[in-house]
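Undergrad: Hey, dropping run.txt in here, compact mmCIF, C-alpha atoms (C1' of nucleotides):
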# COMPACT_ATOMS: atom_id res chain seq x y z
CA MET A 25 -33.10 32.82 16.50
CA LYS A 26 -34.12 31.83 13.04
CA LYS A 27 -31.65 33.85 10.99
CA ARG A 28 -28.79 32.33 12.91
CA GLN A 29 -29.46 28.84 11.63
CA ASP A 30 -30.19 30.03 8.11
CA THR A 31 -26.90 31.80 7.59
CA LYS A 32 -24.87 29.07 9.18
CA HIS A 33 -26.67 26.61 6.97
CA ILE A 34 -25.97 28.35 3.67
CA ILE A 35 -22.33 28.83 4.60
CA LEU A 36 -22.07 25.14 5.30
CA GLN A 37 -23.80 24.26 2.04
CA SER A 38 -21.31 26.24 -0.04
CA ALA A 39 -18.35 25.11 2.01
CA THR A 40 -19.33 21.48 1.55
CA ARG A 41 -19.58 21.86 -2.20
CA LEU A 42 -16.31 23.76 -2.52
CA PHE A 43 -14.32 21.48 -0.24
CA GLN A 44 -15.45 18.47 -2.21
CA ARG A 45 -14.50 19.98 -5.54
CA GLN A 46 -11.34 21.90 -4.67
CA GLY A 47 -10.19 20.34 -1.45
CA TYR A 48 -9.32 21.91 1.87
CA ASN A 49 -6.20 23.76 0.80
CA GLY A 50 -7.70 24.82 -2.49
CA THR A 51 -10.67 26.57 -0.94
CA GLY A 52 -10.45 29.96 0.71
CA LEU A 53 -12.72 31.46 3.29
CA ASN A 54 -13.29 34.39 0.98
CA GLN A 55 -14.49 32.07 -1.73
CA ILE A 56 -16.95 30.40 0.60
CA ILE A 57 -18.40 33.77 1.53
CA GLU A 58 -18.60 34.88 -2.06
CA GLU A 59 -20.18 31.65 -3.28
CA SER A 60 -22.74 31.48 -0.53
CA GLY A 61 -23.69 35.13 -0.60
CA ALA A 62 -23.57 35.00 3.18
CA PRO A 63 -22.62 38.12 5.09
CA LYS A 64 -18.86 38.24 5.27
CA GLY A 65 -18.68 39.31 8.85
CA SER A 66 -20.66 36.35 10.06
CA ILE A 67 -18.19 33.55 9.47
CA TYR A 68 -16.35 33.84 12.74
CA TYR A 69 -19.59 34.34 14.56
CA HIS A 70 -20.95 30.99 13.44
CA PHE A 71 -17.59 29.21 13.34
CA PRO A 72 -15.37 30.65 16.07
CA ASN A 73 -12.64 28.14 15.31
CA GLY A 74 -12.33 29.24 11.72
CA LYS A 75 -11.65 27.13 8.70
CA GLU A 76 -11.01 23.87 10.49
CA GLU A 77 -14.34 24.05 12.25
CA ILE A 78 -16.15 24.68 8.97
CA ALA A 79 -14.39 21.70 7.39
CA LEU A 80 -15.25 19.52 10.34
CA GLU A 81 -18.94 20.35 10.02
CA ALA A 82 -18.78 20.04 6.24
CA ILE A 83 -17.44 16.52 6.57
CA SER A 84 -20.31 15.76 8.88
CA VAL A 85 -22.76 17.04 6.26
CA MET A 86 -21.16 14.92 3.55
CA ARG A 87 -21.22 11.91 5.81
CA LYS A 88 -24.92 12.24 6.40
CA LEU A 89 -25.83 12.79 2.77
CA LEU A 90 -23.62 10.08 1.36
CA LEU A 91 -24.68 7.47 3.88
CA GLU A 92 -28.36 8.23 3.37
CA GLY A 93 -27.97 7.91 -0.39
CA ALA A 94 -26.10 4.65 -0.05
CA GLU A 95 -28.65 3.16 2.31
CA LYS A 96 -31.47 4.06 -0.03
CA ASP A 97 -29.81 2.67 -3.15
CA LEU A 98 -28.64 -0.52 -1.49
CA SER A 99 -31.80 -1.62 0.26
CA GLY A 100 -34.80 -3.48 -1.07
CA ARG A 101 -33.02 -5.31 -3.88
CA ASN A 102 -33.16 -9.00 -4.72
CA SER A 103 -29.50 -9.77 -4.19
CA ALA A 104 -26.22 -8.27 -3.03
CA VAL A 105 -24.92 -8.17 -6.57
CA GLU A 106 -28.00 -6.36 -7.82
CA ALA A 107 -27.87 -3.88 -4.94
CA PHE A 108 -24.24 -2.88 -5.38
CA GLU A 109 -24.43 -2.85 -9.14
CA PHE A 110 -27.30 -0.39 -9.00
CA TYR A 111 -25.57 1.70 -6.36
CA VAL A 112 -22.23 2.00 -8.15
CA ASN A 113 -23.69 2.57 -11.60
CA ASN A 114 -25.75 5.31 -10.07
CA ILE A 115 -22.65 7.07 -8.81
CA ALA A 116 -21.03 6.65 -12.21
CA THR A 117 -23.59 8.82 -13.97
CA VAL A 118 -22.60 11.82 -11.90
CA PHE A 119 -19.12 11.82 -13.42
CA ASP A 120 -20.27 11.73 -17.02
CA SER A 121 -21.34 15.35 -17.25
CA GLY A 122 -17.69 16.27 -17.74
CA ASP A 123 -17.06 19.55 -16.05
CA CYS A 124 -17.50 20.68 -12.50
CA VAL A 125 -18.05 17.40 -10.77
CA GLU A 126 -19.11 17.68 -7.19
CA GLY A 127 -17.03 14.92 -5.72
CA LEU A 128 -19.13 12.23 -4.25
CA SER A 129 -16.54 11.12 -1.87
CA ILE A 130 -14.38 12.64 0.79
CA GLY A 131 -11.27 11.19 -0.81
CA LEU A 132 -9.69 14.50 -1.68
CA ILE A 133 -10.07 16.12 1.70
CA ALA A 134 -9.00 12.89 3.38
CA SER A 135 -5.71 12.61 1.53
CA GLU A 136 -4.95 16.31 1.86
CA THR A 137 -5.35 16.37 5.60
CA ALA A 138 -4.03 12.91 6.50
CA SER A 139 -0.57 14.11 7.45
CA THR A 140 -1.28 17.70 8.42
CA HIS A 141 -4.60 18.08 10.27
CA GLU A 142 -5.15 15.30 12.74
CA LYS A 143 -8.73 16.28 13.62
CA LEU A 144 -9.84 16.31 10.01
CA ARG A 145 -7.98 13.09 9.28
CA HIS A 146 -9.83 11.44 12.11
CA ALA A 147 -13.21 12.72 10.92
CA CYS A 148 -12.55 11.26 7.48
CA GLU A 149 -11.47 7.97 9.01
CA MET A 150 -14.81 7.75 10.78
CA VAL A 151 -16.70 8.30 7.52
CA PHE A 152 -14.79 5.54 5.76
CA LYS A 153 -15.46 3.23 8.69
CA ASP A 154 -19.16 4.06 8.49
CA TRP A 155 -19.17 3.06 4.86
CA GLN A 156 -17.39 -0.18 5.55
CA SER A 157 -19.90 -1.04 8.26
CA LEU A 158 -22.85 -0.16 6.09
CA TYR A 159 -21.61 -2.32 3.23
CA ALA A 160 -20.85 -5.18 5.59
CA ASN A 161 -24.31 -4.98 7.16
CA ILE A 162 -25.99 -5.00 3.77
CA LEU A 163 -23.98 -8.03 2.73
CA GLU A 164 -24.93 -9.84 5.92
CA GLN A 165 -28.55 -9.10 5.18
CA TYR A 166 -28.08 -10.81 1.84
CA GLY A 167 -26.71 -13.91 3.50
CA PHE A 168 -22.96 -13.44 3.62
CA GLU A 169 -21.30 -14.69 6.77
CA LYS A 170 -20.08 -11.95 9.07
CA ALA A 171 -16.32 -12.30 8.62
CA ARG A 172 -16.59 -12.37 4.86
CA ALA A 173 -18.96 -9.40 4.87
CA VAL A 174 -16.45 -7.34 6.84
CA GLU A 175 -13.66 -8.17 4.42
CA LEU A 176 -15.79 -7.27 1.46
CA GLY A 177 -16.91 -4.05 3.15
CA ILE A 178 -13.34 -2.80 3.26
CA THR A 179 -12.60 -3.96 -0.25
CA ILE A 180 -15.68 -2.39 -1.78
CA THR A 181 -14.96 0.91 -0.03
CA ALA A 182 -11.48 0.90 -1.54
CA MET A 183 -12.77 -0.03 -4.99
CA ILE A 184 -15.37 2.71 -5.03
CA GLU A 185 -12.99 5.39 -3.74
CA GLY A 186 -10.35 4.37 -6.25
CA ALA A 187 -12.85 4.33 -9.09
CA CYS A 188 -14.15 7.76 -8.08
CA LEU A 189 -10.60 9.06 -8.32
CA LEU A 190 -10.16 7.58 -11.79
CA SER A 191 -13.55 8.89 -12.84
CA ILE A 192 -12.76 12.43 -11.71
CA THR A 193 -9.45 12.28 -13.52
CA TYR A 194 -10.87 10.77 -16.71
CA GLN A 195 -13.93 13.00 -16.56
CA ASN A 196 -16.33 10.13 -17.09
CA GLY A 197 -17.82 7.35 -15.01
CA ASN A 198 -16.46 4.37 -16.91
CA ALA A 199 -14.06 3.27 -14.17
CA LEU A 200 -16.98 3.06 -11.75
CA ARG A 201 -19.01 1.03 -14.21
CA MET A 202 -16.05 -1.31 -14.61
CA VAL A 203 -15.87 -1.77 -10.86
CA ALA A 204 -19.60 -2.48 -10.75
CA LYS A 205 -19.06 -5.20 -13.32
CA GLN A 206 -16.23 -6.83 -11.39
CA LEU A 207 -18.36 -6.95 -8.28
CA LEU A 208 -20.25 -9.72 -10.06
CA VAL A 209 -17.14 -11.85 -9.68
CA LEU A 210 -16.27 -10.73 -6.19
CA LEU A 211 -19.72 -11.21 -4.71
CA LYS A 212 -20.27 -14.63 -6.21
CA LYS A 213 -21.13 -17.10 -3.50
CA MET B 16 26.90 23.13 -17.57
CA LYS B 17 27.03 20.67 -14.75
CA LYS B 18 25.69 22.79 -11.93
CA ARG B 19 22.59 23.50 -13.94
CA GLN B 20 21.41 19.93 -13.92
CA ASP B 21 22.38 19.37 -10.30
CA THR B 22 20.33 22.21 -8.90
CA LYS B 23 17.36 21.49 -11.07
CA HIS B 24 17.58 17.89 -9.95
CA ILE B 25 17.57 18.55 -6.22
CA ILE B 26 14.69 21.00 -6.58
CA LEU B 27 12.73 18.33 -8.40
CA GLN B 28 13.57 15.72 -5.78
CA SER B 29 12.19 17.82 -2.95
CA ALA B 30 9.22 19.00 -4.96
CA THR B 31 8.28 15.44 -5.78
CA ARG B 32 8.38 14.39 -2.16
CA LEU B 33 6.43 17.41 -0.93
CA PHE B 34 3.76 17.26 -3.63
CA GLN B 35 3.11 13.62 -2.85
CA ARG B 36 2.76 14.21 0.85
CA GLN B 37 1.02 17.58 0.95
CA GLY B 38 -0.49 17.93 -2.47
CA TYR B 39 -0.21 20.71 -5.01
CA ASN B 40 -2.12 23.37 -3.10
CA GLY B 41 -0.57 22.41 0.20
CA THR B 42 3.00 22.89 -0.99
CA GLY B 43 4.58 26.30 -1.41
CA LEU B 44 7.49 27.27 -3.59
CA ASN B 45 9.25 28.64 -0.54
CA GLN B 46 8.93 25.30 1.16
CA ILE B 47 10.46 23.52 -1.78
CA ILE B 48 13.41 25.88 -1.74
CA GLU B 49 13.85 25.50 1.99
CA GLU B 50 13.59 21.72 1.95
CA SER B 51 15.94 21.25 -0.94
CA GLY B 52 18.52 23.76 0.19
CA ALA B 53 18.64 24.98 -3.38
CA PRO B 54 19.45 28.60 -4.07
CA LYS B 55 16.23 30.54 -3.83
CA GLY B 56 16.83 32.69 -6.84
CA SER B 57 17.24 29.75 -9.14
CA ILE B 58 13.70 28.45 -9.26
CA TYR B 59 12.48 30.64 -12.07
CA TYR B 60 15.66 30.10 -13.94
CA HIS B 61 15.18 26.35 -14.09
CA PHE B 62 11.38 26.46 -14.25
CA PRO B 63 10.36 29.59 -16.13
CA ASN B 64 6.70 28.61 -15.95
CA GLY B 65 6.71 28.47 -12.19
CA LYS B 66 4.88 26.09 -9.95
CA GLU B 67 2.88 24.32 -12.63
CA GLU B 68 6.01 23.44 -14.55
CA ILE B 69 7.64 22.02 -11.43
CA ALA B 70 4.55 19.93 -10.74
CA LEU B 71 4.48 18.69 -14.31
CA GLU B 72 8.05 17.50 -14.09
CA ALA B 73 7.48 16.08 -10.62
CA ILE B 74 4.62 13.97 -11.94
CA SER B 75 6.95 12.73 -14.63
CA VAL B 76 9.49 11.73 -11.97
CA MET B 77 6.84 9.89 -9.96
CA ARG B 78 5.62 8.15 -13.07
CA LYS B 79 9.06 6.81 -13.85
CA LEU B 80 9.81 5.65 -10.31
CA LEU B 81 6.45 4.05 -9.68
CA LEU B 82 6.32 2.23 -12.99
CA GLU B 83 9.83 0.92 -12.58
CA GLY B 84 9.02 -0.38 -9.12
CA ALA B 85 5.84 -2.01 -10.32
CA GLU B 86 7.55 -3.69 -13.24
CA LYS B 87 10.23 -5.10 -11.00
CA ASP B 88 7.83 -6.44 -8.38
CA LEU B 89 5.42 -7.92 -10.88
CA SER B 90 7.81 -9.79 -13.15
CA GLY B 91 9.39 -13.17 -12.76
CA ARG B 92 6.71 -14.73 -10.56
CA ASN B 93 4.96 -18.05 -11.00
CA SER B 94 1.44 -16.72 -11.43
CA ALA B 95 -0.57 -13.54 -11.75
CA VAL B 96 -1.97 -13.99 -8.27
CA GLU B 97 1.47 -14.42 -6.77
CA ALA B 98 2.82 -11.40 -8.65
CA PHE B 99 0.08 -8.98 -7.60
CA GLU B 100 -0.05 -10.29 -4.06
CA PHE B 101 3.65 -9.62 -3.64
CA TYR B 102 3.38 -6.22 -5.29
CA VAL B 103 0.46 -4.96 -3.22
CA ASN B 104 1.70 -6.34 0.08
CA ASN B 105 4.96 -4.61 -0.64
CA ILE B 106 3.23 -1.27 -0.98
CA ALA B 107 1.31 -1.95 2.22
CA THR B 108 4.44 -2.02 4.37
CA VAL B 109 5.23 1.59 3.49
CA PHE B 110 2.07 2.77 5.23
CA ASP B 111 2.70 0.96 8.48
CA SER B 112 5.38 3.30 9.80
CA GLY B 113 2.63 5.69 10.86
CA ASP B 114 3.85 9.20 10.38
CA CYS B 115 5.11 11.03 7.38
CA VAL B 116 4.14 8.69 4.62
CA GLU B 117 5.50 9.57 1.26
CA GLY B 118 2.50 8.84 -0.86
CA LEU B 119 3.09 6.10 -3.30
CA SER B 120 0.50 7.26 -5.66
CA ILE B 121 -0.42 10.40 -7.48
CA GLY B 122 -3.96 10.20 -6.18
CA LEU B 123 -3.80 13.36 -4.11
CA ILE B 124 -2.39 15.60 -6.80
CA ALA B 125 -4.75 14.05 -9.34
CA SER B 126 -7.91 14.81 -7.39
CA GLU B 127 -6.74 18.28 -6.43
CA THR B 128 -6.05 19.37 -9.96
CA ALA B 129 -8.78 17.50 -11.81
CA SER B 130 -11.13 20.46 -12.01
CA THR B 131 -8.70 23.35 -11.80
CA HIS B 132 -5.47 22.66 -13.73
CA GLU B 133 -6.13 20.95 -17.03
CA LYS B 134 -2.47 20.30 -17.84
CA LEU B 135 -1.80 18.60 -14.53
CA ARG B 136 -5.04 16.65 -14.73
CA HIS B 137 -3.99 15.36 -18.11
CA ALA B 138 -0.54 14.36 -16.88
CA CYS B 139 -2.11 12.35 -14.06
CA GLU B 140 -4.52 10.72 -16.46
CA MET B 141 -1.56 9.50 -18.50
CA VAL B 142 0.08 7.97 -15.43
CA PHE B 143 -3.08 6.07 -14.50
CA LYS B 144 -3.37 4.84 -18.08
CA ASP B 145 0.25 3.65 -17.94
CA TRP B 146 -0.54 1.65 -14.86
CA GLN B 147 -3.61 0.10 -16.41
CA SER B 148 -1.60 -0.91 -19.46
CA LEU B 149 1.22 -2.34 -17.38
CA TYR B 150 -1.15 -4.44 -15.29
CA ALA B 151 -3.00 -5.62 -18.38
CA ASN B 152 0.23 -6.62 -20.09
CA ILE B 153 1.40 -8.55 -17.06
CA LEU B 154 -1.92 -10.38 -16.89
CA GLU B 155 -1.69 -11.26 -20.57
CA GLN B 156 1.76 -12.67 -19.96
CA TYR B 157 0.23 -14.91 -17.32
CA GLY B 158 -2.32 -16.22 -19.77
CA PHE B 159 -5.35 -13.99 -19.41
CA GLU B 160 -7.11 -13.17 -22.63
CA LYS B 161 -6.66 -9.60 -23.78
CA ALA B 162 -10.14 -8.21 -23.16
CA ARG B 163 -10.27 -9.63 -19.66
CA ALA B 164 -6.77 -8.37 -18.92
CA VAL B 165 -7.78 -4.83 -19.88
CA GLU B 166 -10.84 -4.94 -17.62
CA LEU B 167 -8.79 -6.20 -14.73
CA GLY B 168 -6.10 -3.59 -15.37
CA ILE B 169 -8.61 -0.81 -14.75
CA THR B 170 -10.12 -2.54 -11.76
CA ILE B 171 -6.81 -3.27 -10.08
CA THR B 172 -5.68 0.33 -10.59
CA ALA B 173 -8.85 1.52 -8.87
CA MET B 174 -8.48 -0.99 -6.04
CA ILE B 175 -4.90 -0.04 -5.33
CA GLU B 176 -5.54 3.70 -5.46
CA GLY B 177 -8.54 3.34 -3.19
CA ALA B 178 -6.66 1.16 -0.76
CA CYS B 179 -3.77 3.65 -0.70
CA LEU B 180 -6.25 6.35 0.25
CA LEU B 181 -7.66 4.23 3.08
CA SER B 182 -4.16 3.29 4.21
CA ILE B 183 -3.02 6.90 4.38
CA THR B 184 -6.15 7.80 6.32
CA TYR B 185 -5.93 4.84 8.70
CA GLN B 186 -2.16 5.21 9.02
CA ASN B 187 -1.52 1.57 8.36
CA GLY B 188 -1.38 -0.74 5.36
CA ASN B 189 -4.19 -3.12 6.30
CA ALA B 190 -6.55 -1.94 3.57
CA LEU B 191 -3.91 -2.74 0.97
CA ARG B 192 -3.35 -6.18 2.44
CA MET B 193 -7.08 -6.77 2.31
CA VAL B 194 -7.13 -5.82 -1.35
CA ALA B 195 -4.23 -8.17 -2.00
CA LYS B 196 -6.24 -10.94 -0.43
CA GLN B 197 -9.32 -10.26 -2.53
CA LEU B 198 -7.24 -10.37 -5.69
CA LEU B 199 -7.09 -14.12 -5.07
CA VAL B 200 -10.79 -14.22 -5.85
CA LEU B 201 -10.71 -11.75 -8.70
CA LEU B 202 -7.80 -13.34 -10.55
CA LYS B 203 -9.10 -16.87 -10.28
CA LYS B 204 -9.32 -18.43 -13.69
C1' DG C 13 -26.09 39.14 13.95
C1' DT C 14 -23.90 41.70 10.62
C1' DC C 15 -20.70 45.14 8.61
C1' DT C 16 -16.34 47.53 7.48
C1' DA C 17 -11.84 47.93 7.95
C1' DT C 18 -7.73 46.08 8.66
C1' DA C 19 -3.81 43.42 10.63
C1' DC C 20 -0.43 40.19 9.40
C1' DG C 21 1.46 36.47 7.12
C1' DT C 22 2.65 34.12 3.09
C1' DA C 23 1.67 32.94 -1.51
C1' DG C 24 3.60 33.15 -6.43
C1' DA C 25 6.13 35.96 -9.30
C1' DT C 26 9.45 39.64 -11.19
C1' DA C 27 13.54 42.97 -11.61
C1' DG C 28 17.95 43.87 -11.64
C1' DA C 29 22.58 43.57 -9.32
C1' DC C 30 26.27 40.38 -9.22
C1' DG D 10 23.48 30.78 -12.40
C1' DT D 11 22.48 32.86 -8.26
C1' DC D 12 21.10 36.53 -4.95
C1' DT D 13 18.36 40.17 -2.80
C1' DA D 14 14.70 43.04 -2.78
C1' DT D 15 10.30 43.77 -3.80
C1' DC D 16 5.53 43.63 -5.99
C1' DT D 17 0.88 42.30 -5.79
C1' DA D 18 -2.58 39.29 -4.47
C1' DC D 19 -4.66 36.53 -1.33
C1' DG D 20 -4.81 33.77 2.79
C1' DT D 21 -6.79 33.61 7.79
C1' DA D 22 -8.12 36.12 11.48
C1' DT D 23 -9.46 40.16 14.53
C1' DA D 24 -11.47 44.71 16.21
C1' DG D 25 -14.93 47.52 16.85
C1' DA D 26 -18.96 50.21 14.95
C1' DC D 27 -23.72 49.42 13.95
Turn this file's structure into structure tokens for me.
TA:
Amino acid sequence: MKKRQDTKHIILQSATRLFQRQGYNGTGLNQIIEESGAPKGSIYYHFPNGKEEIALEAISVMRKLLLEGAEKDLSGRNSAVEAFEFYVNNIATVFDSGDCVEGLSIGLIASETASTHEKLRHACEMVFKDWQSLYANILEQYGFEKARAVELGITITAMIEGACLLSITYQNGNALRMVAKQLLVLLKK
Amino acid sequence: MKKRQDTKHIILQSATRLFQRQGYNGTGLNQIIEESGAPKGSIYYHFPNGKEEIALEAISVMRKLLLEGAEKDLSGRNSAVEAFEFYVNNIATVFDSGDCVEGLSIGLIASETASTHEKLRHACEMVFKDWQSLYANILEQYGFEKARAVELGITITAMIEGACLLSITYQNGNALRMVAKQLLVLLKK
DNA sequence: GTCTATACGTAGATAGAC
DNA sequence: GTCTATCTACGTATAGAC
């Protein structure tokens, strides 16, 4: 059917946005329904396993979007430094608007579920690993040796996640811009 | 009275632990009472403003503990690199035990409350700023010029918070150890 | 596929006895 | 200072008509 995919899709859209902003525990099923305008009775039709299943699919949506964005921003530059500087400064601008930031990371949902929902924890772990690999691959393309690229992949993932946390808390993107600046030192060859 | 302080204290102890592990939304008042063994009726006597007030005081407890620990680990070393390496590797060991990590940061509660509880958001912001200042001061003591020390203070705060997030998710402290290693590069003079 | 109604638990919070 | 009882709201989830 056509309607089937449409409704499921808009539920997932709203859920993704709400989970990113308010976290897993902070978001209710009722709120997702309300926000999306989807028919209330349809949630357990599309997601028989309830909230956890929605979160699992939402993480998968985030993963896809965030990785695509990263790949686009990071490719076709003249150097690793230039690529990551552009990429991180780009993220920074999102946090400047002040209110109602749609988190650009899965950091919140990851830390919430790490010790309570094994499935969700694992899904988040996979996303972080994807990022690390992507960053490492990009660095290899720019001439870093493999072992060093892997190390930097982990480090850059941590730096960006940490800076996103500071940026959300401070309500501006300055921490991310600072990280972008320090990458000049870290990526010096 | 004496009892007054005792009960309030044990409530705060449990609340601090639970908020760090499960977050603000993930922790119920009932659970705090249960965990602490405190008399159930006494919560609104000691904390008339309810859950938010408990969280506010819990953040203050975390702030004190974490800053004290950081100051101790970072002082009396031979160089900035040595100090931060010891400090970060020390944090890393806490995440190796696998299950039931008592978060060592306020990252979870900070990201949960950033867009929903202004008072709590602000309290977390102050803690992060304290960290930045502490790190910057330490770096100045080791001979970094002030402006550079401030930049690095922000960056190191982000790196550690991000690595804590990865460590919680991965259930081991390797990300933190990796960050410690990269500080060798970043703190080179 | 969608709707209404509702079950059932637990959340935070309050009142008033002790 | 502490206890019990209770209120109201909301959480997830289900049942069954349409």
Undergrad: Under the rule that only C-alpha atoms (C1' of nucleotides) are counted, which of A:Val118, A:Ala104, A:Ile67, A:Met183 is the nearest residue to DG13 of chain C?
TA: A:Ile67
Undergrad: If you take only C-alpha atoms (C1' of nucleotides) and a cut-off of 10 Å, which residues of chain C touch segment 11-22 of chain D, and what are their nearest atom pairs and distances in Å to one decimal, in chain and number order, as a tab-separated table?
TA:
residue	atom	partner	partner_atom	distance
C:DA19	C1'	D:DA22	C1'	8.5
C:DC20	C1'	D:DA22	C1'	8.9
C:DG21	C1'	D:DG20	C1'	8.1
C:DT22	C1'	D:DG20	C1'	7.5
C:DA23	C1'	D:DC19	C1'	7.3
C:DG24	C1'	D:DA18	C1'	8.9
C:DA25	C1'	D:DC16	C1'	8.4
C:DT26	C1'	D:DC16	C1'	7.6
C:DA27	C1'	D:DT15	C1'	8.5
C:DG28	C1'	D:DA14	C1'	9.5
C:DA29	C1'	D:DC12	C1'	8.4
C:DC30	C1'	D:DC12	C1'	7.7
Undergrad: Please build the interface table for chain B against chain C with a cut-off of 9 Å, listing for each qualifying residue the nearest atom pair and the distance in Å to one decimal; count all atoms listed in the file, order rows by chain and increasing number, and write it as a Markdown table.
TA:
| residue | atom | partner | partner_atom | distance |
| --- | --- | --- | --- | --- |
| B:Gly43 | CA | C:DA23 | C1' | 7.3 |
| B:Leu44 | CA | C:DG24 | C1' | 7.6 |
| B:Asn45 | CA | C:DA23 | C1' | 8.8 |
| B:Tyr59 | CA | C:DA25 | C1' | 8.7 |
| B:Gly65 | CA | C:DG24 | C1' | 8.0 |
| B:Lys66 | CA | C:DG24 | C1' | 8.0 |
Undergrad: May I ask for the distance between atom CA of Leu80 of chain B and atom CA of Trp146 of chain B, given in Å to one decimal place?
TA: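 Atom-to-atom, atom CA of Leu80 of chain B to atom CA of Trp146 of chain B, that is 12.0 Å.
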Undergrad: Just need the residues of chain B within 8 Å of chain A, counting only C-alpha atoms, so spit them out as a PyMOL selection string.
TA: chain B and resi 36-38+40-41+114-116+122-123+125-131+136-137+139-140+143+166+169-170+172-178+180-181+183-185+190+193-194+197+200-201
Undergrad: Please write the residues from the selection above to a file, keeping C-alpha atoms, as a PDB file, keeping the file's coordinate frame.
TA:
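Output file selection_24.pdb is given in full below:
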ATOM      1  CA  ARG B  36       2.760  14.210   0.850  1.00  0.00           C
ATOM      2  CA  GLN B  37       1.020  17.580   0.950  1.00  0.00           C
ATOM      3  CA  GLY B  38      -0.490  17.930  -2.470  1.00  0.00           C
ATOM      4  CA  ASN B  40      -2.120  23.370  -3.100  1.00  0.00           C
ATOM      5  CA  GLY B  41      -0.570  22.410   0.200  1.00  0.00           C
ATOM      6  CA  ASP B 114       3.850   9.200  10.380  1.00  0.00           C
ATOM      7  CA  CYS B 115       5.110  11.030   7.380  1.00  0.00           C
ATOM      8  CA  VAL B 116       4.140   8.690   4.620  1.00  0.00           C
ATOM      9  CA  GLY B 122      -3.960  10.200  -6.180  1.00  0.00           C
ATOM     10  CA  LEU B 123      -3.800  13.360  -4.110  1.00  0.00           C
ATOM     11  CA  ALA B 125      -4.750  14.050  -9.340  1.00  0.00           C
ATOM     12  CA  SER B 126      -7.910  14.810  -7.390  1.00  0.00           C
ATOM     13  CA  GLU B 127      -6.740  18.280  -6.430  1.00  0.00           C
ATOM     14  CA  THR B 128      -6.050  19.370  -9.960  1.00  0.00           C
ATOM     15  CA  ALA B 129      -8.780  17.500 -11.810  1.00  0.00           C
ATOM     16  CA  SER B 130     -11.130  20.460 -12.010  1.00  0.00           C
ATOM     17  CA  THR B 131      -8.700  23.350 -11.800  1.00  0.00           C
ATOM     18  CA  ARG B 136      -5.040  16.650 -14.730  1.00  0.00           C
ATOM     19  CA  HIS B 137      -3.990  15.360 -18.110  1.00  0.00           C
ATOM     20  CA  CYS B 139      -2.110  12.350 -14.060  1.00  0.00           C
ATOM     21  CA  GLU B 140      -4.520  10.720 -16.460  1.00  0.00           C
ATOM     22  CA  PHE B 143      -3.080   6.070 -14.500  1.00  0.00           C
ATOM     23  CA  GLU B 166     -10.840  -4.940 -17.620  1.00  0.00           C
ATOM     24  CA  ILE B 169      -8.610  -0.810 -14.750  1.00  0.00           C
ATOM     25  CA  THR B 170     -10.120  -2.540 -11.760  1.00  0.00           C
ATOM     26  CA  THR B 172      -5.680   0.330 -10.590  1.00  0.00           C
ATOM     27  CA  ALA B 173      -8.850   1.520  -8.870  1.00  0.00           C
ATOM     28  CA  MET B 174      -8.480  -0.990  -6.040  1.00  0.00           C
ATOM     29  CA  ILE B 175      -4.900  -0.040  -5.330  1.00  0.00           C
ATOM     30  CA  GLU B 176      -5.540   3.700  -5.460  1.00  0.00           C
ATOM     31  CA  GLY B 177      -8.540   3.340  -3.190  1.00  0.00           C
ATOM     32  CA  ALA B 178      -6.660   1.160  -0.760  1.00  0.00           C
ATOM     33  CA  LEU B 180      -6.250   6.350   0.250  1.00  0.00           C
ATOM     34  CA  LEU B 181      -7.660   4.230   3.080  1.00  0.00           C
ATOM     35  CA  ILE B 183      -3.020   6.900   4.380  1.00  0.00           C
ATOM     36  CA  THR B 184      -6.150   7.800   6.320  1.00  0.00           C
ATOM     37  CA  TYR B 185      -5.930   4.840   8.700  1.00  0.00           C
ATOM     38  CA  ALA B 190      -6.550  -1.940   3.570  1.00  0.00           C
ATOM     39  CA  MET B 193      -7.080  -6.770   2.310  1.00  0.00           C
ATOM     40  CA  VAL B 194      -7.130  -5.820  -1.350  1.00  0.00           C
ATOM     41  CA  GLN B 197      -9.320 -10.260  -2.530  1.00  0.00           C
ATOM     42  CA  VAL B 200     -10.790 -14.220  -5.850  1.00  0.00           C
ATOM     43  CA  LEU B 201     -10.710 -11.750  -8.700  1.00  0.00           C
TER      44      LEU B 201
END
Undergrad: Distance atom C1' of DG10 of chain D-atom CA of Phe62 of chain B, one decimal place?
TA: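 Between atom C1' of DG10 of chain D and atom CA of Phe62 of chain B the gap is 13.0 Å.
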Undergrad: Under the rule that only C-alpha atoms (C1' of nucleotides) are counted, which of B:Gln28, B:Ser57, B:Lys79, B:Glu49 is the nearest residue to chain D?
TA: B:Ser57
Undergrad: Tell me, in Å to one decimal, how far atom CA of Glu92 of chain A is from atom CA of Phe168 of chain A.
TA: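 Distance between the two atoms: 22.3 Å.
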Undergrad: Scan for residues within 12 Å of the point (8.1, 5.5, -13.0) in the coordinates of the file, using all atoms listed in the file, and reply as a PyMOL selection string.
TA: chain B and resi 73-87+119-121+141-143+145-146+149
Undergrad: Which one is closest to chain D: A:Lys32, A:Glu59, A:Thr40, A:Glu76? Count all atoms listed in the file.
TA: A:Glu76
Undergrad: So, with all atoms listed in the file as the atoms that count, which of B:Ala53, B:Val103, B:Leu33, B:Ile26 lies closest to chain D?
TA: B:Ala53
Undergrad: Near Gln156 of chain B, counting all atoms listed in the file, which residues have an atom at most 10 Å away, once you skip same-chain residues fewer than 4 positions from it, shown as an MDAnalysis selection string?
TA: chainID B and resid 90 94:95 150:152 160:161 164
